[in-house]
Amino acid sequence: MSKPNPFEIAQKQLDDCAKILNLDAGVHEVLKHPRREFHVSIPIRMDDGSIRVFQGFRVQYNDALGPCKGGIRYHPDETIDTVRALSAWMTWKTSLLGLPLGGGKGGIICNPKELSTGELERLSRGYIDMIWQNIGPEKDVPAPDVYTTPQMMAWMMDEYSKLTGSNNFGCITGKPLCVGGSCGRGDATARGGMYALREAANELNIDLSKATVAVQGYGNAGSYAHSLVSELFGSKVVAVSDSKGGAYNRAGISAEEAGRVKAETSTVANTPGAKKISNEQLLELDVDILIAAALENVITRDNAGNIKAKIIVELANGPTTPEADEILFRNKVHVIPDFLANAGGVTVSYFEMVQNTMRYCWSFDEVYQKLNERMTAAYQGVLAASKKYDINMRQAAYTVAVARVVEAMKMRGWV
Ligand code: GLU
């Protein structure tokens, strides 16, 4: 079976929302397409002296609410349609959180695990060399995403600053603290997801201190979610996985242990005392909370019916297909949809932009408090819409987010 196309999924989700909101056909058409996209070929001198050309993209989906905002992914399977979908989801994400920002996304087709540090630096700088005239604090502000790091953001900021002839910290977020990063940006995606999970558990009367949790994906979002769910709520994580496989232990797996095993053996699958399981098995475990923190299209019509978790926290972008959404809604699985669940990352990125503009640094506590307020308000807004229209949480999030973008487009005279 061919893989679902994420952009077709994003458009289908928007179509559903257009029906619920009774959106004007022309306005709907405008929202179905990215406003601008850039396709670049980045030539890189490899360590062995040869030259390789990498394909890169930056899609600026919609900037009615403000400059585009969104991460850059380095992935061998990157496609323009994936980036388009992700940039659409960024548009709904920033809108849903009430941020004065639009949505964008970037990607480079590459396998960062096979590149040296020097090659990664030249690739990161090379990407900025190709797109710098079209990004910037007032136009489009990139950030980290799958397989991109604060170090890469620092190289990109430095390259942009050199090209523009000024220290331009606000051109990119997710930077290291010493060069204009924000306290709390590192674990912001996971932390925001935890605040949303707390609200969902309250709503469903689930006691998180007694809950069992499975975490799929052990990158920036998943690994922090593991430690935070134990630290903030005392929940028991019984299963973890990454791209190489998973581990299950009914007695619980600590974040320290899984982190150490991953650092030493490159996968959490080797966690001692745990049973090796596949990513597919992890998704179907009998747990209270499933944290989907890997990649898109992992919960499909083939496995949605077997999911036993009461709450799914989508820290990844696009983990659930529309057919799976229908099955989960029917089975009363409470899905905290991606552009709500993982919005903590871009929210703290926005705080980073504000601090860069003010040349000021907020404390961890200030950042956590502001993040908590925004995530709680966004979750409650979505829950209210889902009850009002009797629709699932994703459709509800769409109605809130799309309505705001449409209002801004109208006010600006675009439609
Ligand atoms: N890449 C993250 C996301 O998908 C963060 C984006 C940002 O901080 O701009 O939301």
# chains A, B, ... in the order shown; residues from 1 in each chain; ligands from 1
>>> select_by_dssp(residues="region 194-348 of chain A", states="strand (DSSP E or B)", output="PyMOL selection string")
chain A and resi 212-216+236-242+245-248+275-277+289-292+299+311-314+320+334-336
>>> residues_near_ligand(ligand="ligand 1", cutoff="7 Å", atoms="only C-alpha atoms and all ligand atoms", output="ChimeraX atom specification")
/A:69-72,90,141-145,173-174,317,342-343,345-347,349
>>> residues_around(residues="Ala258 (chain A)", least_positions_apart="5", cutoff="9 Å", atoms="only C-alpha atoms", output="MDAnalysis selection string")
chainID A and resid 223 240 253 263 267:271
>>> residues_around(residues="Tyr218 (chain A)", least_positions_apart="3", cutoff="12 Å", atoms="only C-alpha atoms", output="VMD selection string")
chain A and resid 146 to 147 190 214 to 215 221 to 227 239 to 247 255 258 to 259 261 to 263 266 to 269 279 291 to 295 315 to 316
>>> write_last_selection(atoms="N, CA and C atoms", output="tab-separated table (two decimals), in the first residue's frame")
chain	number	residue	atom	x	y	z
A	146	VAL	N	12.33	17.91	13.17
A	146	VAL	CA	12.91	16.56	13.15
A	146	VAL	C	14.38	16.60	12.71
A	147	TYR	N	15.25	16.07	13.55
A	147	TYR	CA	16.70	15.95	13.29
A	147	TYR	C	17.43	17.28	13.08
A	190	ALA	N	7.25	19.18	24.56
A	190	ALA	CA	6.76	18.15	25.48
A	190	ALA	C	6.01	18.78	26.65
A	214	ALA	N	2.65	5.01	27.28
A	214	ALA	CA	3.59	4.51	26.26
A	214	ALA	C	4.04	5.70	25.42
A	215	VAL	N	5.35	5.78	25.18
A	215	VAL	CA	5.90	6.90	24.41
A	215	VAL	C	6.48	6.37	23.10
A	221	ALA	N	10.94	15.63	21.34
A	221	ALA	CA	9.63	15.66	22.01
A	221	ALA	C	9.45	14.45	22.93
A	222	GLY	N	9.68	13.25	22.40
A	222	GLY	CA	9.39	12.03	23.15
A	222	GLY	C	10.25	11.85	24.40
A	223	SER	N	11.54	12.13	24.30
A	223	SER	CA	12.41	11.90	25.46
A	223	SER	C	12.03	12.86	26.60
A	224	TYR	N	11.76	14.11	26.27
A	224	TYR	CA	11.34	15.05	27.32
A	224	TYR	C	9.95	14.69	27.87
A	225	ALA	N	9.08	14.21	27.00
A	225	ALA	CA	7.73	13.82	27.47
A	225	ALA	C	7.87	12.71	28.51
A	226	HIS	N	8.80	11.78	28.26
A	226	HIS	CA	9.01	10.68	29.20
A	226	HIS	C	9.37	11.24	30.59
A	227	SER	N	10.37	12.11	30.65
A	227	SER	CA	10.75	12.61	31.98
A	227	SER	C	9.67	13.50	32.59
A	239	ALA	N	6.40	1.79	28.33
A	239	ALA	CA	6.96	1.44	27.02
A	239	ALA	C	7.52	2.68	26.32
A	240	VAL	N	8.63	2.46	25.64
A	240	VAL	CA	9.27	3.55	24.87
A	240	VAL	C	9.75	2.96	23.54
A	241	SER	N	9.89	3.81	22.53
A	241	SER	CA	10.44	3.30	21.26
A	241	SER	C	11.13	4.42	20.50
A	242	ASP	N	11.93	4.02	19.52
A	242	ASP	CA	12.51	4.98	18.56
A	242	ASP	C	12.51	4.29	17.20
A	243	SER	N	13.21	4.88	16.22
A	243	SER	CA	13.09	4.34	14.86
A	243	SER	C	13.64	2.91	14.77
A	244	LYS	N	14.44	2.50	15.75
A	244	LYS	CA	15.03	1.14	15.69
A	244	LYS	C	14.22	0.08	16.45
A	245	GLY	N	13.18	0.49	17.18
A	245	GLY	CA	12.37	-0.49	17.92
A	245	GLY	C	12.01	0.00	19.30
A	246	GLY	N	11.32	-0.86	20.06
A	246	GLY	CA	10.81	-0.41	21.36
A	246	GLY	C	11.10	-1.37	22.48
A	247	ALA	N	10.77	-0.92	23.70
A	247	ALA	CA	10.98	-1.73	24.91
A	247	ALA	C	9.75	-1.60	25.79
A	255	ALA	N	13.16	7.50	32.86
A	255	ALA	CA	13.68	8.34	31.77
A	255	ALA	C	15.21	8.32	31.77
A	258	ALA	N	16.30	4.95	30.12
A	258	ALA	CA	16.08	4.93	28.67
A	258	ALA	C	17.05	5.90	27.98
A	259	GLY	N	17.27	7.06	28.59
A	259	GLY	CA	18.19	8.05	28.01
A	259	GLY	C	19.61	7.52	27.95
A	261	VAL	N	20.56	4.31	27.93
A	261	VAL	CA	20.65	3.21	26.97
A	261	VAL	C	20.68	3.76	25.53
A	262	LYS	N	19.88	4.77	25.29
A	262	LYS	CA	19.86	5.38	23.94
A	262	LYS	C	21.23	6.00	23.62
A	263	ALA	N	21.80	6.70	24.61
A	263	ALA	CA	23.10	7.34	24.38
A	263	ALA	C	24.18	6.29	24.13
A	266	SER	N	22.47	3.66	20.97
A	266	SER	CA	21.75	4.39	19.91
A	266	SER	C	20.27	3.99	19.78
A	267	THR	N	19.77	3.13	20.68
A	267	THR	CA	18.32	2.87	20.67
A	267	THR	C	17.82	2.50	22.06
A	268	VAL	N	16.59	2.93	22.36
A	268	VAL	CA	15.97	2.59	23.65
A	268	VAL	C	15.51	1.13	23.68
A	269	ALA	N	15.51	0.48	22.49
A	269	ALA	CA	15.04	-0.91	22.42
A	269	ALA	C	15.86	-1.83	23.32
A	279	ASN	N	7.42	-0.86	17.09
A	279	ASN	CA	6.66	0.39	17.19
A	279	ASN	C	5.17	0.13	17.04
A	291	ILE	N	1.57	8.51	23.93
A	291	ILE	CA	2.19	9.74	23.43
A	291	ILE	C	2.82	9.42	22.08
A	292	ALA	N	2.26	9.97	21.00
A	292	ALA	CA	2.78	9.71	19.66
A	292	ALA	C	3.76	10.83	19.34
A	293	ALA	N	5.05	10.52	19.43
A	293	ALA	CA	6.07	11.56	19.29
A	293	ALA	C	7.09	11.21	18.21
A	294	ALA	N	6.66	10.41	17.22
A	294	ALA	CA	7.61	10.04	16.17
A	294	ALA	C	7.31	10.83	14.89
A	295	LEU	N	6.75	10.16	13.89
A	295	LEU	CA	6.54	10.84	12.61
A	295	LEU	C	5.06	10.77	12.21
A	315	LEU	N	2.31	14.45	19.97
A	315	LEU	CA	3.45	15.39	19.97
A	315	LEU	C	4.11	15.47	18.60
A	316	ALA	N	3.96	14.42	17.80
A	316	ALA	CA	4.45	14.47	16.41
A	316	ALA	C	3.45	15.26	15.58
>>> closest_residue(among="A:Tyr350, A:Gln395, A:Gln60, A:Ala384", to="Phe329 (chain A)", atoms="only C-alpha atoms")
A:Gln395
>>> closest_residue(among="A:Gly192, A:Pro76, A:Gly102, A:Pro322", to="Glu114 (chain A)", atoms="only C-alpha atoms")
A:Pro76
>>> closest_residue(among="A:Ser166, A:Thr399, A:Ser363, A:Ser124", to="Ile108 (chain A)", atoms="only C-alpha atoms")
A:Ser124
>>> residues_around(residues="Asn249 (chain A)", least_positions_apart="6", cutoff="7 Å", atoms="only C-alpha atoms", output="list in words")
Val238, Ala239, Ala274 and Lys275 of chain A
>>> write_last_selection(atoms="all heavy atoms", output="compact mmCIF listing (two decimals), in the first residue's frame")
# COMPACT_ATOMS: atom_id res chain seq x y z
N VAL A 238 5.54 2.71 30.74
CA VAL A 238 5.82 1.27 30.65
C VAL A 238 6.43 0.88 29.30
O VAL A 238 6.91 -0.24 29.14
CB VAL A 238 4.54 0.42 30.91
CG1 VAL A 238 4.06 0.59 32.34
CG2 VAL A 238 3.44 0.78 29.91
N ALA A 239 6.40 1.79 28.33
CA ALA A 239 6.96 1.44 27.02
C ALA A 239 7.52 2.68 26.32
O ALA A 239 6.96 3.77 26.44
CB ALA A 239 5.89 0.80 26.14
N ALA A 274 13.61 -5.08 30.04
CA ALA A 274 12.38 -4.83 29.29
C ALA A 274 12.29 -5.80 28.11
O ALA A 274 13.31 -6.29 27.62
CB ALA A 274 12.36 -3.40 28.77
N LYS A 275 11.05 -6.06 27.69
CA LYS A 275 10.83 -6.93 26.52
C LYS A 275 10.95 -6.08 25.26
O LYS A 275 10.43 -4.97 25.21
CB LYS A 275 9.41 -7.50 26.66
CG LYS A 275 9.06 -8.55 25.67
CD LYS A 275 7.68 -9.13 26.01
CE LYS A 275 7.00 -9.49 24.72
NZ LYS A 275 5.57 -9.41 24.74
>>> residues_around(residues="Gly381 (chain A)", least_positions_apart="2", cutoff="10 Å", atoms="only C-alpha atoms", output="list in words")
Leu96, Leu97, Met375, Thr376, Ala377, Ala378, Tyr379, Leu383, Ala384, Ala385, Ser386, Ala396, Ala397 and Val400 of chain A
>>> atom_distance(atom1="CA of Arg198 (chain A)", atom2="CA of Gly252 (chain A)")
20.3 Å
>>> select_by_dssp(residues="region 180-376 of chain A", states="alpha helix (DSSP H)", output="ChimeraX atom specification")
/A:188-204,220-233,255-265,279-283,322-330,338-341,344-358,364-376
>>> decode(residues="region 315-346 of chain A", atoms="N, CA, C and O atoms", output="PDB file, in the first residue's frame")
ATOM      1  N   LEU A 315       2.313  14.453  19.966  1.00  0.00           N
ATOM      2  CA  LEU A 315       3.447  15.390  19.970  1.00  0.00           C
ATOM      3  C   LEU A 315       4.106  15.469  18.600  1.00  0.00           C
ATOM      4  O   LEU A 315       4.753  16.454  18.267  1.00  0.00           O
ATOM      5  N   ALA A 316       3.958  14.417  17.795  1.00  0.00           N
ATOM      6  CA  ALA A 316       4.454  14.466  16.412  1.00  0.00           C
ATOM      7  C   ALA A 316       3.450  15.264  15.584  1.00  0.00           C
ATOM      8  O   ALA A 316       2.319  15.478  16.010  1.00  0.00           O
ATOM      9  N   ASN A 317       3.870  15.687  14.402  1.00  0.00           N
ATOM     10  CA  ASN A 317       2.926  16.317  13.480  1.00  0.00           C
ATOM     11  C   ASN A 317       2.336  15.236  12.576  1.00  0.00           C
ATOM     12  O   ASN A 317       3.069  14.417  12.017  1.00  0.00           O
ATOM     13  N   GLY A 318       1.021  15.206  12.471  1.00  0.00           N
ATOM     14  CA  GLY A 318       0.345  14.304  11.526  1.00  0.00           C
ATOM     15  C   GLY A 318       0.427  12.819  11.798  1.00  0.00           C
ATOM     16  O   GLY A 318       0.422  12.036  10.848  1.00  0.00           O
ATOM     17  N   PRO A 319       0.445  12.359  13.068  1.00  0.00           N
ATOM     18  CA  PRO A 319       0.552  10.906  13.281  1.00  0.00           C
ATOM     19  C   PRO A 319      -0.703  10.118  12.925  1.00  0.00           C
ATOM     20  O   PRO A 319      -0.625   8.912  12.724  1.00  0.00           O
ATOM     21  N   THR A 320      -1.866  10.799  12.824  1.00  0.00           N
ATOM     22  CA  THR A 320      -3.131  10.072  12.650  1.00  0.00           C
ATOM     23  C   THR A 320      -3.793  10.428  11.319  1.00  0.00           C
ATOM     24  O   THR A 320      -3.932  11.614  11.000  1.00  0.00           O
ATOM     25  N   THR A 321      -4.207   9.436  10.565  1.00  0.00           N
ATOM     26  CA  THR A 321      -4.882   9.710   9.286  1.00  0.00           C
ATOM     27  C   THR A 321      -6.370  10.019   9.538  1.00  0.00           C
ATOM     28  O   THR A 321      -6.910   9.637  10.585  1.00  0.00           O
ATOM     29  N   PRO A 322      -7.049  10.665   8.585  1.00  0.00           N
ATOM     30  CA  PRO A 322      -8.473  10.986   8.785  1.00  0.00           C
ATOM     31  C   PRO A 322      -9.348   9.757   9.033  1.00  0.00           C
ATOM     32  O   PRO A 322     -10.265   9.801   9.852  1.00  0.00           O
ATOM     33  N   GLU A 323      -9.065   8.624   8.350  1.00  0.00           N
ATOM     34  CA  GLU A 323      -9.880   7.411   8.593  1.00  0.00           C
ATOM     35  C   GLU A 323      -9.689   6.962  10.031  1.00  0.00           C
ATOM     36  O   GLU A 323     -10.643   6.552  10.709  1.00  0.00           O
ATOM     37  N   ALA A 324      -8.459   7.019  10.513  1.00  0.00           N
ATOM     38  CA  ALA A 324      -8.180   6.603  11.892  1.00  0.00           C
ATOM     39  C   ALA A 324      -8.894   7.531  12.875  1.00  0.00           C
ATOM     40  O   ALA A 324      -9.431   7.074  13.890  1.00  0.00           O
ATOM     41  N   ASP A 325      -8.933   8.825  12.556  1.00  0.00           N
ATOM     42  CA  ASP A 325      -9.622   9.792  13.413  1.00  0.00           C
ATOM     43  C   ASP A 325     -11.073   9.381  13.647  1.00  0.00           C
ATOM     44  O   ASP A 325     -11.571   9.442  14.770  1.00  0.00           O
ATOM     45  N   GLU A 326     -11.731   8.964  12.558  1.00  0.00           N
ATOM     46  CA  GLU A 326     -13.149   8.575  12.683  1.00  0.00           C
ATOM     47  C   GLU A 326     -13.303   7.377  13.604  1.00  0.00           C
ATOM     48  O   GLU A 326     -14.201   7.327  14.449  1.00  0.00           O
ATOM     49  N   ILE A 327     -12.421   6.397  13.444  1.00  0.00           N
ATOM     50  CA  ILE A 327     -12.488   5.184  14.272  1.00  0.00           C
ATOM     51  C   ILE A 327     -12.243   5.545  15.744  1.00  0.00           C
ATOM     52  O   ILE A 327     -12.968   5.117  16.644  1.00  0.00           O
ATOM     53  N   LEU A 328     -11.244   6.383  15.985  1.00  0.00           N
ATOM     54  CA  LEU A 328     -10.903   6.743  17.373  1.00  0.00           C
ATOM     55  C   LEU A 328     -12.058   7.514  18.027  1.00  0.00           C
ATOM     56  O   LEU A 328     -12.386   7.301  19.192  1.00  0.00           O
ATOM     57  N   PHE A 329     -12.681   8.402  17.266  1.00  0.00           N
ATOM     58  CA  PHE A 329     -13.793   9.203  17.798  1.00  0.00           C
ATOM     59  C   PHE A 329     -14.948   8.282  18.172  1.00  0.00           C
ATOM     60  O   PHE A 329     -15.545   8.408  19.237  1.00  0.00           O
ATOM     61  N   ARG A 330     -15.223   7.309  17.276  1.00  0.00           N
ATOM     62  CA  ARG A 330     -16.291   6.333  17.536  1.00  0.00           C
ATOM     63  C   ARG A 330     -15.978   5.529  18.797  1.00  0.00           C
ATOM     64  O   ARG A 330     -16.853   5.243  19.596  1.00  0.00           O
ATOM     65  N   ASN A 331     -14.705   5.179  18.967  1.00  0.00           N
ATOM     66  CA  ASN A 331     -14.306   4.362  20.128  1.00  0.00           C
ATOM     67  C   ASN A 331     -14.061   5.207  21.382  1.00  0.00           C
ATOM     68  O   ASN A 331     -13.535   4.711  22.366  1.00  0.00           O
ATOM     69  N   LYS A 332     -14.375   6.494  21.302  1.00  0.00           N
ATOM     70  CA  LYS A 332     -14.237   7.420  22.434  1.00  0.00           C
ATOM     71  C   LYS A 332     -12.801   7.535  22.954  1.00  0.00           C
ATOM     72  O   LYS A 332     -12.562   7.703  24.151  1.00  0.00           O
ATOM     73  N   VAL A 333     -11.844   7.433  22.049  1.00  0.00           N
ATOM     74  CA  VAL A 333     -10.451   7.722  22.421  1.00  0.00           C
ATOM     75  C   VAL A 333     -10.295   9.236  22.297  1.00  0.00           C
ATOM     76  O   VAL A 333     -10.639   9.816  21.263  1.00  0.00           O
ATOM     77  N   HIS A 334      -9.811   9.877  23.345  1.00  0.00           N
ATOM     78  CA  HIS A 334      -9.688  11.336  23.348  1.00  0.00           C
ATOM     79  C   HIS A 334      -8.331  11.710  22.733  1.00  0.00           C
ATOM     80  O   HIS A 334      -7.288  11.480  23.335  1.00  0.00           O
ATOM     81  N   VAL A 335      -8.387  12.273  21.519  1.00  0.00           N
ATOM     82  CA  VAL A 335      -7.146  12.641  20.830  1.00  0.00           C
ATOM     83  C   VAL A 335      -6.863  14.117  21.072  1.00  0.00           C
ATOM     84  O   VAL A 335      -7.708  14.969  20.783  1.00  0.00           O
ATOM     85  N   ILE A 336      -5.683  14.421  21.612  1.00  0.00           N
ATOM     86  CA  ILE A 336      -5.267  15.832  21.673  1.00  0.00           C
ATOM     87  C   ILE A 336      -4.486  16.059  20.391  1.00  0.00           C
ATOM     88  O   ILE A 336      -3.372  15.553  20.218  1.00  0.00           O
ATOM     89  N   PRO A 337      -5.099  16.759  19.415  1.00  0.00           N
ATOM     90  CA  PRO A 337      -4.530  16.789  18.067  1.00  0.00           C
ATOM     91  C   PRO A 337      -3.201  17.527  18.010  1.00  0.00           C
ATOM     92  O   PRO A 337      -2.944  18.441  18.798  1.00  0.00           O
ATOM     93  N   ASP A 338      -2.387  17.104  17.047  1.00  0.00           N
ATOM     94  CA  ASP A 338      -1.012  17.611  16.920  1.00  0.00           C
ATOM     95  C   ASP A 338      -0.877  19.125  17.070  1.00  0.00           C
ATOM     96  O   ASP A 338      -0.083  19.604  17.877  1.00  0.00           O
ATOM     97  N   PHE A 339      -1.663  19.882  16.327  1.00  0.00           N
ATOM     98  CA  PHE A 339      -1.359  21.323  16.347  1.00  0.00           C
ATOM     99  C   PHE A 339      -1.855  22.012  17.612  1.00  0.00           C
ATOM    100  O   PHE A 339      -1.611  23.200  17.821  1.00  0.00           O
ATOM    101  N   LEU A 340      -2.499  21.244  18.501  1.00  0.00           N
ATOM    102  CA  LEU A 340      -2.720  21.709  19.873  1.00  0.00           C
ATOM    103  C   LEU A 340      -1.660  21.084  20.788  1.00  0.00           C
ATOM    104  O   LEU A 340      -0.941  21.792  21.503  1.00  0.00           O
ATOM    105  N   ALA A 341      -1.532  19.756  20.735  1.00  0.00           N
ATOM    106  CA  ALA A 341      -0.647  19.039  21.679  1.00  0.00           C
ATOM    107  C   ALA A 341       0.801  19.498  21.591  1.00  0.00           C
ATOM    108  O   ALA A 341       1.485  19.601  22.605  1.00  0.00           O
ATOM    109  N   ASN A 342       1.289  19.745  20.358  1.00  0.00           N
ATOM    110  CA  ASN A 342       2.721  20.071  20.252  1.00  0.00           C
ATOM    111  C   ASN A 342       2.973  21.569  20.053  1.00  0.00           C
ATOM    112  O   ASN A 342       4.078  21.983  19.680  1.00  0.00           O
ATOM    113  N   ALA A 343       1.976  22.385  20.353  1.00  0.00           N
ATOM    114  CA  ALA A 343       2.112  23.831  20.123  1.00  0.00           C
ATOM    115  C   ALA A 343       3.032  24.521  21.130  1.00  0.00           C
ATOM    116  O   ALA A 343       3.368  25.696  20.962  1.00  0.00           O
ATOM    117  N   GLY A 344       3.447  23.810  22.166  1.00  0.00           N
ATOM    118  CA  GLY A 344       4.350  24.419  23.148  1.00  0.00           C
ATOM    119  C   GLY A 344       5.661  24.881  22.524  1.00  0.00           C
ATOM    120  O   GLY A 344       6.228  25.900  22.923  1.00  0.00           O
ATOM    121  N   GLY A 345       6.125  24.125  21.527  1.00  0.00           N
ATOM    122  CA  GLY A 345       7.399  24.471  20.883  1.00  0.00           C
ATOM    123  C   GLY A 345       7.328  25.844  20.234  1.00  0.00           C
ATOM    124  O   GLY A 345       8.139  26.737  20.506  1.00  0.00           O
ATOM    125  N   VAL A 346       6.332  26.036  19.393  1.00  0.00           N
ATOM    126  CA  VAL A 346       6.259  27.322  18.691  1.00  0.00           C
ATOM    127  C   VAL A 346       5.855  28.444  19.654  1.00  0.00           C
ATOM    128  O   VAL A 346       6.234  29.607  19.456  1.00  0.00           O
TER     129      VAL A 346
END
